[in-house]
file work27.txt (compact mmCIF, C-alpha atoms (C1' of nucleotides))
# COMPACT_ATOMS: atom_id res chain seq x y z
CA MET A 1 60.48 107.43 73.60
CA ALA A 2 63.48 107.33 75.87
CA ARG A 3 63.19 111.04 76.62
CA THR A 4 65.81 112.52 78.93
CA ALA A 5 65.42 109.83 81.61
CA ASN A 6 66.60 110.11 85.19
CA PRO A 7 69.78 108.12 85.88
CA ASP A 8 69.60 108.77 89.60
CA THR A 9 68.12 105.43 90.66
CA PRO A 10 69.74 102.52 92.51
CA ALA A 11 70.57 100.67 89.32
CA GLY A 12 71.60 103.88 87.58
CA ARG A 13 74.00 104.79 90.36
CA LYS A 14 75.50 101.32 90.35
CA ILE A 15 75.99 101.46 86.59
CA LEU A 16 77.73 104.82 86.89
CA GLU A 17 79.93 103.52 89.68
CA VAL A 18 81.00 100.46 87.71
CA ALA A 19 81.48 102.48 84.53
CA GLY A 20 83.69 104.86 86.49
CA VAL A 21 86.10 102.08 87.36
CA LEU A 22 86.05 100.30 84.00
CA PHE A 23 86.31 103.38 81.78
CA TYR A 24 89.19 104.74 83.81
CA GLU A 25 91.10 101.51 84.24
CA ARG A 26 90.71 100.06 80.75
CA GLY A 27 89.75 102.98 78.55
CA ILE A 28 86.41 104.06 77.17
CA GLY A 29 86.58 102.34 73.83
CA ALA A 30 87.86 99.12 75.34
CA VAL A 31 84.83 98.70 77.58
CA GLY A 32 81.51 97.63 76.11
CA VAL A 33 78.10 98.36 77.52
CA ASP A 34 77.46 94.63 77.92
CA LEU A 35 80.34 94.35 80.37
CA ILE A 36 79.24 97.39 82.34
CA ALA A 37 75.70 96.07 82.69
CA GLU A 38 76.95 92.66 83.76
CA GLN A 39 79.43 94.03 86.31
CA ALA A 40 76.73 96.27 87.71
CA GLY A 41 74.48 93.28 88.21
CA THR A 42 71.87 94.65 85.86
CA THR A 43 70.97 94.49 82.18
CA LYS A 44 71.73 96.43 79.06
CA LYS A 45 68.07 97.32 78.86
CA THR A 46 68.23 99.12 82.20
CA LEU A 47 71.46 100.85 81.20
CA TYR A 48 69.82 102.23 78.08
CA ASP A 49 66.65 103.14 79.99
CA ARG A 50 68.77 105.22 82.40
CA PHE A 51 71.34 106.80 80.12
CA GLY A 52 70.01 106.54 76.58
CA SER A 53 73.35 105.92 74.87
CA LYS A 54 76.95 105.02 75.57
CA ASP A 55 78.01 108.55 74.70
CA ALA A 56 75.66 109.95 77.33
CA LEU A 57 76.99 107.44 79.86
CA VAL A 58 80.51 108.53 79.05
CA ALA A 59 79.58 112.18 79.60
CA ALA A 60 77.95 111.26 82.91
CA TYR A 61 81.08 109.34 83.90
CA LEU A 62 83.27 112.36 83.22
CA GLU A 63 80.97 114.70 85.13
CA ARG A 64 80.87 112.35 88.08
CA ARG A 65 84.64 111.98 88.01
CA GLU A 66 85.09 115.75 88.19
CA GLU A 67 82.58 115.93 91.04
CA ARG A 68 84.29 113.16 93.00
CA TRP A 69 87.75 114.70 92.54
CA GLU A 70 86.56 118.05 93.82
CA GLU A 71 84.94 116.42 96.83
CA PHE A 72 88.14 114.46 97.47
CA LEU A 73 90.31 117.55 97.19
CA GLU A 74 88.09 119.55 99.52
CA GLU A 75 88.13 116.81 102.11
CA TRP A 76 91.88 116.39 101.76
CA MET A 77 92.50 120.08 102.26
CA ARG A 78 90.20 120.16 105.25
CA ALA A 79 91.77 117.15 106.95
CA ARG A 80 95.39 117.23 105.91
CA GLY A 81 96.04 120.46 104.09
CA PRO A 82 98.01 123.36 105.53
CA LYS A 83 95.99 126.30 106.70
CA SER A 84 97.48 129.03 104.56
CA GLY A 85 100.21 130.18 102.25
CA LEU A 86 101.96 128.59 99.30
CA ASP A 87 101.94 125.18 100.99
CA ARG A 88 98.23 125.10 100.32
CA VAL A 89 98.94 125.23 96.59
CA LEU A 90 101.50 122.48 96.85
CA ALA A 91 99.06 120.34 98.81
CA VAL A 92 96.96 119.98 95.65
CA LEU A 93 99.79 117.89 94.23
CA ASP A 94 99.85 115.77 97.38
CA ALA A 95 96.12 115.22 97.03
CA GLU A 96 96.49 114.26 93.39
CA GLU A 97 99.09 111.64 94.25
CA ALA A 98 96.79 110.20 96.88
CA TRP A 99 93.84 110.35 94.50
CA TRP A 100 95.56 108.06 92.04
CA ALA A 101 96.83 105.75 94.72
CA GLY A 102 98.97 103.40 92.71
CA SER A 103 97.14 103.45 89.39
CA ARG A 104 99.40 104.48 86.56
CA ARG A 105 96.59 105.36 84.20
CA GLY A 106 96.97 109.08 84.78
CA CYS A 107 94.46 111.85 84.24
CA ALA A 108 91.04 110.53 83.28
CA PHE A 109 90.27 113.66 81.30
CA VAL A 110 93.45 113.50 79.25
CA ASN A 111 92.80 109.83 78.56
CA ALA A 112 89.20 110.48 77.61
CA HIS A 113 90.26 113.25 75.24
CA ALA A 114 92.38 110.75 73.34
CA GLU A 115 89.37 108.55 72.69
CA LEU A 116 86.74 111.18 71.93
CA SER A 117 87.82 111.98 68.41
CA GLU A 118 84.46 113.17 67.16
CA GLY A 119 84.36 116.89 67.80
CA ASP A 120 80.75 116.90 68.92
CA HIS A 121 80.93 114.27 71.65
CA PRO A 122 78.94 115.39 74.71
CA GLY A 123 81.96 114.65 76.89
CA ARG A 124 84.24 117.19 75.23
CA ALA A 125 82.67 120.14 77.03
CA VAL A 126 83.12 118.38 80.36
CA LEU A 127 86.84 117.97 79.67
CA ARG A 128 87.31 121.63 78.75
CA GLU A 129 85.41 122.82 81.78
CA GLY A 130 87.30 120.43 84.07
CA LYS A 131 90.70 121.75 83.04
CA ARG A 132 89.51 125.33 83.44
CA ARG A 133 88.19 124.60 86.91
CA SER A 134 91.52 123.03 87.78
CA ARG A 135 93.35 126.13 86.65
CA GLY A 136 90.87 128.30 88.52
CA LYS A 137 91.58 126.40 91.72
CA PHE A 138 95.28 127.25 91.54
CA VAL A 139 94.51 130.88 90.82
CA ALA A 140 92.16 131.03 93.80
CA LEU A 141 94.64 129.38 96.16
CA LEU A 142 97.39 131.77 95.09
CA ALA A 143 95.10 134.75 95.53
CA GLU A 144 94.15 133.51 99.01
CA ALA A 145 97.85 133.19 99.79
CA GLY A 146 98.20 136.86 98.95
CA VAL A 147 100.36 136.31 95.90
CA PRO A 148 100.31 139.22 93.46
CA ASP A 149 99.31 138.46 89.89
CA ALA A 150 97.64 135.20 90.90
CA GLU A 151 96.03 134.92 87.47
CA THR A 152 99.32 134.68 85.58
CA LEU A 153 101.08 132.59 88.20
CA GLY A 154 98.10 130.28 88.55
CA ALA A 155 98.24 129.54 84.85
CA ARG A 156 101.94 128.71 85.12
CA VAL A 157 101.49 126.53 88.18
CA HIS A 158 98.69 124.72 86.42
CA MET A 159 100.89 123.97 83.42
CA VAL A 160 103.56 122.49 85.65
CA TYR A 161 100.90 120.44 87.39
CA GLU A 162 99.54 119.03 84.13
CA GLY A 163 103.02 118.40 82.81
CA ALA A 164 103.99 116.49 85.93
CA MET A 165 101.01 114.16 85.49
CA VAL A 166 102.05 113.41 81.93
CA ASN A 167 105.67 112.84 82.88
CA LEU A 168 104.78 110.53 85.73
CA THR A 169 102.34 108.38 83.80
CA VAL A 170 103.45 108.47 80.18
CA GLY A 171 107.12 109.15 80.83
CA GLY A 172 107.31 106.91 83.86
CA MET A 173 109.25 109.55 85.75
CA ALA A 174 108.71 108.70 89.39
CA GLU A 175 110.22 111.97 90.55
CA ALA A 176 107.84 114.13 88.50
CA PHE A 177 105.73 115.42 91.39
CA ASP A 178 108.76 116.29 93.51
CA GLU A 179 110.18 118.20 90.58
CA ALA A 180 106.84 119.90 90.09
CA ARG A 181 106.72 121.10 93.68
CA GLU A 182 110.21 122.52 93.34
CA ALA A 183 109.29 124.17 90.06
CA ILE A 184 106.21 125.75 91.60
CA ARG A 185 108.25 127.12 94.49
CA ALA A 186 110.64 128.62 91.98
CA LEU A 187 107.82 130.10 89.92
CA VAL A 188 105.95 131.68 92.80
CA GLY A 189 109.14 132.91 94.38
CA GLU A 190 109.59 130.83 97.50
CA GLY A 191 107.77 133.40 99.69
CA MET B 1 106.22 80.89 61.38
CA ALA B 2 106.00 84.62 60.79
CA ARG B 3 109.33 85.21 62.54
CA THR B 4 110.42 88.82 62.93
CA ALA B 5 109.61 89.84 59.33
CA ASN B 6 110.97 92.92 57.64
CA PRO B 7 108.39 95.73 57.37
CA ASP B 8 110.67 97.85 55.20
CA THR B 9 109.13 97.04 51.84
CA PRO B 10 107.01 99.25 49.55
CA ALA B 11 103.77 97.87 50.91
CA GLY B 12 105.08 97.88 54.46
CA ARG B 13 106.07 101.53 54.24
CA LYS B 14 102.71 102.47 52.78
CA ILE B 15 100.91 100.63 55.58
CA LEU B 16 102.98 102.44 58.20
CA GLU B 17 102.32 105.76 56.53
CA VAL B 18 98.56 105.23 56.44
CA ALA B 19 98.50 103.85 59.97
CA GLY B 20 100.37 106.95 61.10
CA VAL B 21 97.59 109.19 59.90
CA LEU B 22 94.67 107.03 61.00
CA PHE B 23 95.99 106.11 64.45
CA TYR B 24 96.78 109.71 65.23
CA GLU B 25 93.65 111.27 63.81
CA ARG B 26 91.07 108.77 65.06
CA GLY B 27 92.77 106.87 67.85
CA ILE B 28 94.38 103.46 67.94
CA GLY B 29 91.41 101.46 69.17
CA ALA B 30 89.04 103.18 66.79
CA VAL B 31 90.98 102.09 63.71
CA GLY B 32 90.83 98.51 62.55
CA VAL B 33 93.45 96.66 60.57
CA ASP B 34 90.95 96.13 57.76
CA LEU B 35 90.67 99.88 57.25
CA ILE B 36 94.43 100.39 57.33
CA ALA B 37 94.99 97.69 54.73
CA GLU B 38 92.28 99.08 52.48
CA GLN B 39 93.50 102.69 52.74
CA ALA B 40 97.04 101.51 52.02
CA GLY B 41 95.81 99.84 48.84
CA THR B 42 96.90 96.43 50.05
CA THR B 43 95.47 93.50 51.99
CA LYS B 44 95.27 92.38 55.58
CA LYS B 45 97.38 89.39 54.63
CA THR B 46 100.27 91.64 53.61
CA LEU B 47 99.86 93.73 56.74
CA TYR B 48 100.21 90.66 58.94
CA ASP B 49 103.08 89.33 56.82
CA ARG B 50 104.96 92.60 57.41
CA PHE B 51 104.09 93.42 61.03
CA GLY B 52 102.83 90.22 62.63
CA SER B 53 100.17 91.81 64.82
CA LYS B 54 98.29 95.04 65.41
CA ASP B 55 100.26 95.62 68.61
CA ALA B 56 103.53 95.42 66.68
CA LEU B 57 102.14 97.80 64.07
CA VAL B 58 101.19 100.22 66.84
CA ALA B 59 104.69 100.06 68.28
CA ALA B 60 106.15 100.69 64.82
CA TYR B 61 103.79 103.63 64.40
CA LEU B 62 104.97 105.19 67.67
CA GLU B 63 108.63 104.66 66.81
CA ARG B 64 108.14 106.19 63.39
CA ARG B 65 106.26 109.14 64.88
CA GLU B 66 109.13 109.88 67.27
CA GLU B 67 111.58 109.60 64.40
CA ARG B 68 109.56 111.96 62.20
CA TRP B 69 109.16 114.54 64.96
CA GLU B 70 112.86 114.60 65.65
CA GLU B 71 113.60 115.03 61.96
CA PHE B 72 111.03 117.82 61.77
CA LEU B 73 112.45 119.58 64.82
CA GLU B 74 116.00 119.35 63.53
CA GLU B 75 114.99 120.77 60.16
CA TRP B 76 112.94 123.51 61.81
CA MET B 77 115.83 124.56 64.02
CA ARG B 78 118.20 124.54 61.08
CA ALA B 79 115.95 126.61 58.83
CA ARG B 80 114.04 128.88 61.19
CA GLY B 81 115.50 128.51 64.64
CA PRO B 82 117.63 131.12 66.36
CA LYS B 83 121.33 130.44 66.47
CA SER B 84 121.87 130.51 70.20
CA GLY B 85 120.60 131.36 73.65
CA LEU B 86 117.28 130.85 75.38
CA ASP B 87 115.38 131.62 72.18
CA ARG B 88 116.56 128.26 70.92
CA VAL B 89 114.67 126.60 73.75
CA LEU B 90 111.54 128.59 73.05
CA ALA B 91 111.76 127.68 69.38
CA VAL B 92 110.91 124.08 70.28
CA LEU B 93 107.44 125.32 71.19
CA ASP B 94 107.17 127.13 67.87
CA ALA B 95 108.13 123.93 66.10
CA GLU B 96 105.57 121.95 68.05
CA GLU B 97 102.81 124.36 67.05
CA ALA B 98 103.83 124.03 63.43
CA TRP B 99 104.11 120.25 63.75
CA TRP B 100 100.46 119.97 64.73
CA ALA B 101 99.32 122.45 62.13
CA GLY B 102 95.67 122.76 62.99
CA SER B 103 94.96 119.32 64.36
CA ARG B 104 93.56 119.45 67.86
CA ARG B 105 94.36 115.85 68.68
CA GLY B 106 97.40 116.74 70.74
CA CYS B 107 100.39 114.64 71.66
CA ALA B 108 100.33 111.25 69.94
CA PHE B 109 102.22 109.66 72.82
CA VAL B 110 99.84 110.92 75.48
CA ASN B 111 96.90 109.74 73.41
CA ALA B 112 98.48 106.36 72.82
CA HIS B 113 99.16 105.95 76.53
CA ALA B 114 95.44 106.33 77.19
CA GLU B 115 94.65 103.43 74.92
CA LEU B 116 97.46 101.05 75.88
CA SER B 117 96.01 99.82 79.14
CA GLU B 118 97.81 96.50 79.21
CA GLY B 119 101.08 97.08 81.01
CA ASP B 120 103.10 94.91 78.68
CA HIS B 121 102.18 96.50 75.38
CA PRO B 122 105.27 96.82 73.16
CA GLY B 123 104.44 100.47 72.61
CA ARG B 124 104.76 101.47 76.27
CA ALA B 125 108.55 101.51 76.19
CA VAL B 126 108.48 103.74 73.12
CA LEU B 127 106.32 106.26 74.98
CA ARG B 128 108.58 106.33 78.03
CA GLU B 129 111.68 106.73 75.92
CA GLY B 130 110.04 109.43 73.81
CA LYS B 131 109.22 111.60 76.80
CA ARG B 132 112.71 111.15 78.17
CA ARG B 133 114.25 112.16 74.87
CA SER B 134 112.02 115.21 74.85
CA ARG B 135 113.20 116.19 78.31
CA GLY B 136 116.79 115.52 77.28
CA LYS B 137 116.43 117.90 74.33
CA PHE B 138 115.49 120.77 76.63
CA VAL B 139 118.36 119.96 78.98
CA ALA B 140 120.78 119.90 76.06
CA LEU B 141 119.54 123.21 74.62
CA LEU B 142 119.80 124.90 78.01
CA ALA B 143 123.29 123.55 78.51
CA GLU B 144 124.28 124.82 75.06
CA ALA B 145 122.87 128.21 76.02
CA GLY B 146 125.26 128.23 78.96
CA VAL B 147 122.55 128.05 81.59
CA PRO B 148 123.75 126.73 84.94
CA ASP B 149 121.95 123.70 86.35
CA ALA B 150 120.54 122.78 82.96
CA GLU B 151 119.42 119.42 84.31
CA THR B 152 117.00 120.85 86.87
CA LEU B 153 115.81 123.69 84.67
CA GLY B 154 115.38 121.39 81.69
CA ALA B 155 113.07 119.20 83.73
CA ARG B 156 110.99 122.23 84.71
CA VAL B 157 110.85 123.59 81.18
CA HIS B 158 109.78 120.18 79.97
CA MET B 159 106.92 120.04 82.47
CA VAL B 160 105.65 123.41 81.30
CA TYR B 161 105.91 122.22 77.72
CA GLU B 162 103.90 119.07 78.39
CA GLY B 163 101.35 120.98 80.43
CA ALA B 164 100.85 123.50 77.67
CA MET B 165 100.04 120.72 75.20
CA VAL B 166 97.41 119.33 77.55
CA ASN B 167 95.88 122.72 78.21
CA LEU B 168 95.72 123.60 74.54
CA THR B 169 94.16 120.35 73.39
CA VAL B 170 92.14 119.03 76.34
CA GLY B 171 91.44 122.38 77.97
CA GLY B 172 90.94 124.22 74.69
CA MET B 173 93.10 127.07 75.94
CA ALA B 174 94.28 128.80 72.78
CA GLU B 175 96.76 130.94 74.69
CA ALA B 176 98.55 127.96 76.28
CA PHE B 177 101.73 128.13 74.23
CA ASP B 178 102.12 131.87 74.73
CA GLU B 179 101.72 131.36 78.46
CA ALA B 180 104.23 128.52 78.32
CA ARG B 181 106.86 130.70 76.63
CA GLU B 182 106.38 133.35 79.30
CA ALA B 183 106.59 130.73 82.04
CA ILE B 184 109.80 129.34 80.59
CA ARG B 185 111.34 132.80 80.46
CA ALA B 186 110.42 133.27 84.10
CA LEU B 187 111.83 129.88 85.07
CA VAL B 188 115.13 130.26 83.30
CA GLY B 189 115.49 133.83 84.44
CA GLU B 190 115.07 135.92 81.31
CA GLY B 191 118.81 135.93 80.55
C1' DA C 1 41.68 99.80 90.06
C1' DA C 2 44.67 101.91 86.93
C1' DG C 3 48.88 103.89 85.90
C1' DT C 4 53.65 104.26 86.01
C1' DA C 5 58.57 104.00 87.06
C1' DA C 6 62.07 100.81 87.81
C1' DC C 7 63.75 96.63 87.23
C1' DC C 8 65.00 91.70 85.28
C1' DA C 9 65.67 88.20 81.52
C1' DT C 10 66.42 86.84 76.91
C1' DA C 11 66.89 87.17 72.30
C1' DC C 12 68.02 89.51 68.31
C1' DC C 13 70.06 92.96 64.76
C1' DG C 14 73.82 94.29 61.28
C1' DG C 15 78.37 95.34 61.61
C1' DT C 16 83.19 95.17 62.92
C1' DC C 17 86.98 93.26 65.56
C1' DG C 18 91.88 90.85 65.30
C1' DG C 19 93.65 87.09 63.10
C1' DT C 20 94.13 82.88 59.95
C1' DA C 21 93.78 79.97 55.64
C1' DT C 22 94.11 78.99 50.80
C1' DA C 23 95.68 79.76 46.43
C1' DC C 24 97.69 82.43 42.98
C1' DT C 25 101.16 85.83 40.39
C1' DC C 26 105.39 88.21 39.76
C1' DG C 27 110.37 89.32 39.73
C1' DC C 28 114.74 88.22 41.04
C1' DA C 29 118.97 85.75 42.72
C1' DG C 30 121.23 81.22 43.08
C1' DC D 1 115.24 76.37 36.24
C1' DT D 2 114.34 76.68 40.62
C1' DG D 3 113.30 78.73 45.03
C1' DC D 4 111.86 82.43 47.56
C1' DG D 5 110.22 86.91 49.09
C1' DA D 6 106.66 90.09 48.19
C1' DG D 7 102.50 90.90 46.63
C1' DT D 8 97.36 90.06 45.23
C1' DA D 9 92.50 88.31 46.11
C1' DT D 10 88.97 86.09 48.70
C1' DA D 11 86.99 83.64 52.19
C1' DC D 12 86.45 82.43 56.80
C1' DC D 13 86.59 82.30 62.10
C1' DG D 14 84.58 83.24 66.89
C1' DA D 15 83.98 87.13 69.58
C1' DC D 16 82.33 91.37 70.51
C1' DC D 17 80.25 96.04 69.23
C1' DG D 18 76.22 99.56 70.21
C1' DG D 19 71.53 99.32 70.16
C1' DT D 20 66.62 97.46 69.92
C1' DA D 21 62.57 94.35 70.88
C1' DT D 22 59.54 91.65 73.62
C1' DG D 23 57.67 90.36 77.78
C1' DG D 24 57.08 90.03 82.63
C1' DT D 25 57.55 91.43 87.73
C1' DT D 26 57.56 94.35 91.44
C1' DA D 27 56.25 98.60 94.24
C1' DC D 28 54.48 103.04 94.88
C1' DT D 29 50.86 106.66 93.38
C1' DT D 30 46.68 108.71 92.27
call {"tool": "encode", "arguments": {"input": "work27.txt", "output": "structure tokens"}}
result
Amino acid sequence: MARTANPDTPAGRKILEVAGVLFYERGIGAVGVDLIAEQAGTTKKTLYDRFGSKDALVAAYLERREERWEEFLEEWMRARGPKSGLDRVLAVLDAEEAWWAGSRRGCAFVNAHAELSEGDHPGRAVLREGKRRSRGKFVALLAEAGVPDAETLGARVHMVYEGAMVNLTVGGMAEAFDEAREAIRALVGEG
Amino acid sequence: MARTANPDTPAGRKILEVAGVLFYERGIGAVGVDLIAEQAGTTKKTLYDRFGSKDALVAAYLERREERWEEFLEEWMRARGPKSGLDRVLAVLDAEEAWWAGSRRGCAFVNAHAELSEGDHPGRAVLREGKRRSRGKFVALLAEAGVPDAETLGARVHMVYEGAMVNLTVGGMAEAFDEAREAIRALVGEG
DNA sequence: AAGTAACCATACCGGTCGGTATACTCGCAG
DNA sequence: CTGCGAGTATACCGACCGGTATGGTTACTT
């Protein structure tokens, strides 16, 4: 009957962990469920018992990725981020650079969007929500910094942020994040 | 021996045309060479005689896409674009919206990057060059508009432009291009 | 003692993948 | 008239795709 199934078991977690690496590094379509099961030291049977379908596993991967990024960002801000002001906004870019740590694959959500052509894929909603949360984070940080019209400026900062990721990864422009930080300073008005 | 082969034949052009639609609309990995050959009204044999491999066909697709976009932009600017000033920069965004015309698949180059995981894919160079040409176009338009420091500002405008595309397609933010135009006005300084 | 959730192992399904092989027809330039 | 480039048609290859089936083994509950 399959039912909804609970993926939160030892094998389920391992599958999700392995899928997280493989989907991101090689692309969703390029990675088969056989490989994931093998790399996770389990079987396809268990994978399907936990997640029901590849599409559902993909959606779980995207949700987990969002979760992990937000945890990473929070920890980064706590440990290394400035305490207040515009620098706190710029620190998100620092965190993003550290988050990728050498990989040139870029934003997992943008990449996933390219492969989820069917409009009704369960992962699509995760992507939309993720980008909106990202934008919301910038708005919140600007508001905390006491910037007037944080809503409008947050949207602009977010666009620069997204554009920098594209330019770094697709365009191979190593200086993209430095340019982005300068652009954000210019947009917000230096303080 | 295959050799380099000349794809510029009736069948070759038809294959490239069909591949252009299918690769963009469904994704590169999701479209097989069998389907392309069939839709082009030819055979896989001819496809391989003309292009040699799927990878080479993909690279040709990306090159052709860049070529077509630049033709489209030039024609758009000639027919509908303003004659001078900052409005000419903003018109690139208008052209981009028209270029997509309803499709929510977003930037073909960004999507292709997500699927070309192998670092040595012949298409990667096309992507890098495409983004650099795009940036160069903004720099050139700003310089023509008499804006000082067109190099720096062009880079910033380009980041906003790329970010808007991501936010519209991945984030489903319908207002992204309007926000981008406002952001660009703010960056360049209204004039 | 019975039930159940979680797991492993293996085999199978129809279909598609990129790519190659063989053999033929047509039109054109030397 | 000959050779060649471009095209057609069909068949084949091993590998992999997502997904299902069968069967058996633990370990914890009730």
call {"tool": "residues_near_point", "arguments": {"input": "work27.txt", "point": "(94.5, 87.5, 44.7)", "cutoff": "10 Å", "atoms": "all atoms listed in the file", "output": "number ranges by chain"}}
result
B: 43; C: 23-25; D: 7-10
call {"tool": "axis_aligned_box", "arguments": {"input": "work27.txt", "around": "range 118-128 of chain B", "padding_each_side": "4 Å", "output": "JSON"}}
result
{"center_x": 103.2, "center_y": 100.6, "center_z": 76.8, "size_x": 18.8, "size_y": 19.4, "size_z": 16.4}
call {"tool": "closest_residue", "arguments": {"input": "work27.txt", "among": "B:Asn6, B:Thr152, B:Ser53, B:Ser103", "to": "Ala180 in chain A", "atoms": "all atoms listed in the file"}}
result
B:Thr152
call {"tool": "residues_around", "arguments": {"input": "work27.txt", "residues": "Trp99 in chain B", "least_positions_apart": "6", "cutoff": "9 Å", "atoms": "only C-alpha atoms (C1' of nucleotides)", "output": "PyMOL selection string"}}
result
chain B and resi 69+72-73
call {"tool": "closest_residue", "arguments": {"input": "work27.txt", "among": "A:Ala95, A:Val31, A:Leu168, A:Ala59", "to": "DC16 in chain D", "atoms": "all atoms listed in the file"}}
result
A:Val31
call {"tool": "closest_residue", "arguments": {"input": "work27.txt", "among": "A:Ala183, A:Leu116, A:Leu47, A:Leu127", "to": "chain D", "atoms": "only C-alpha atoms (C1' of nucleotides)"}}
result
A:Leu47
call {"tool": "interface_residues", "arguments": {"input": "work27.txt", "of": "chain D", "to": "chain A", "cutoff": "9 Å", "atoms": "only C-alpha atoms (C1' of nucleotides)", "output": "PyMOL selection string"}}
result
chain D and resi 16-19
call {"tool": "atom_distance", "arguments": {"input": "work27.txt", "atom1": "CA of Glu63 in chain A", "atom2": "CA of Asp120 in chain A"}}
result
16.4 Å
call {"tool": "closest_atom_pairs", "arguments": {"input": "work27.txt", "of": "chain C", "to": "chain A", "cutoff": "12 Å", "atoms": "all atoms listed in the file", "output": "CSV"}}
result
residue,atom,partner,partner_atom,distance
C:DA5,C1',A:Asn6,CA,10.3
C:DA6,C1',A:Thr9,CA,8.1
C:DC7,C1',A:Thr46,CA,7.2
C:DC8,C1',A:Thr43,CA,7.3
C:DA9,C1',A:Thr43,CA,8.3
C:DT10,C1',A:Thr43,CA,10.3
C:DC17,C1',A:Ala30,CA,11.4
call {"tool": "write_last_selection", "arguments": {"input": "work27.txt", "atoms": "C-alpha atoms (C1' of nucleotides)", "output": "PDB file, keeping the file's coordinate frame"}}
result
ATOM      1  C1'  DA C   5      58.570 104.000  87.060  1.00  0.00           C
ATOM      2  C1'  DA C   6      62.070 100.810  87.810  1.00  0.00           C
ATOM      3  C1'  DC C   7      63.750  96.630  87.230  1.00  0.00           C
ATOM      4  C1'  DC C   8      65.000  91.700  85.280  1.00  0.00           C
ATOM      5  C1'  DA C   9      65.670  88.200  81.520  1.00  0.00           C
ATOM      6  C1'  DT C  10      66.420  86.840  76.910  1.00  0.00           C
ATOM      7  C1'  DC C  17      86.980  93.260  65.560  1.00  0.00           C
TER       8       DC C  17
END
call {"tool": "interface_residues", "arguments": {"input": "work27.txt", "of": "chain B", "to": "chain A", "cutoff": "9 Å", "atoms": "only C-alpha atoms", "output": "ChimeraX atom specification"}}
result
/B:25-30,105-106,108-118,124,127-132,152-153,155-167,169-173,176,179-180,182-183,186-187
call {"tool": "atom_distance", "arguments": {"input": "work27.txt", "atom1": "C1' of DG5 in chain D", "atom2": "CA of Phe23 in chain B"}}
result
28.4 Å
call {"tool": "atom_distance", "arguments": {"input": "work27.txt", "atom1": "CA of Ala174 in chain B", "atom2": "CA of Gly20 in chain B"}}
result
25.5 Å
call {"tool": "closest_residue", "arguments": {"input": "work27.txt", "among": "B:Arg185, B:Arg64, B:Lys14, B:His121", "to": "Val89 in chain B", "atoms": "all atoms listed in the file"}}
result
B:Arg185
call {"tool": "closest_residue", "arguments": {"input": "work27.txt", "among": "C:DT16, C:DA11, C:DA21, C:DA29", "to": "DT22 in chain D", "atoms": "only C-alpha atoms (C1' of nucleotides)"}}
result
C:DA11
call {"tool": "closest_residue", "arguments": {"input": "work27.txt", "among": "B:Glu97, B:Glu38, B:Glu66, B:Glu17", "to": "Gly123 in chain B", "atoms": "all atoms listed in the file"}}
result
B:Glu66
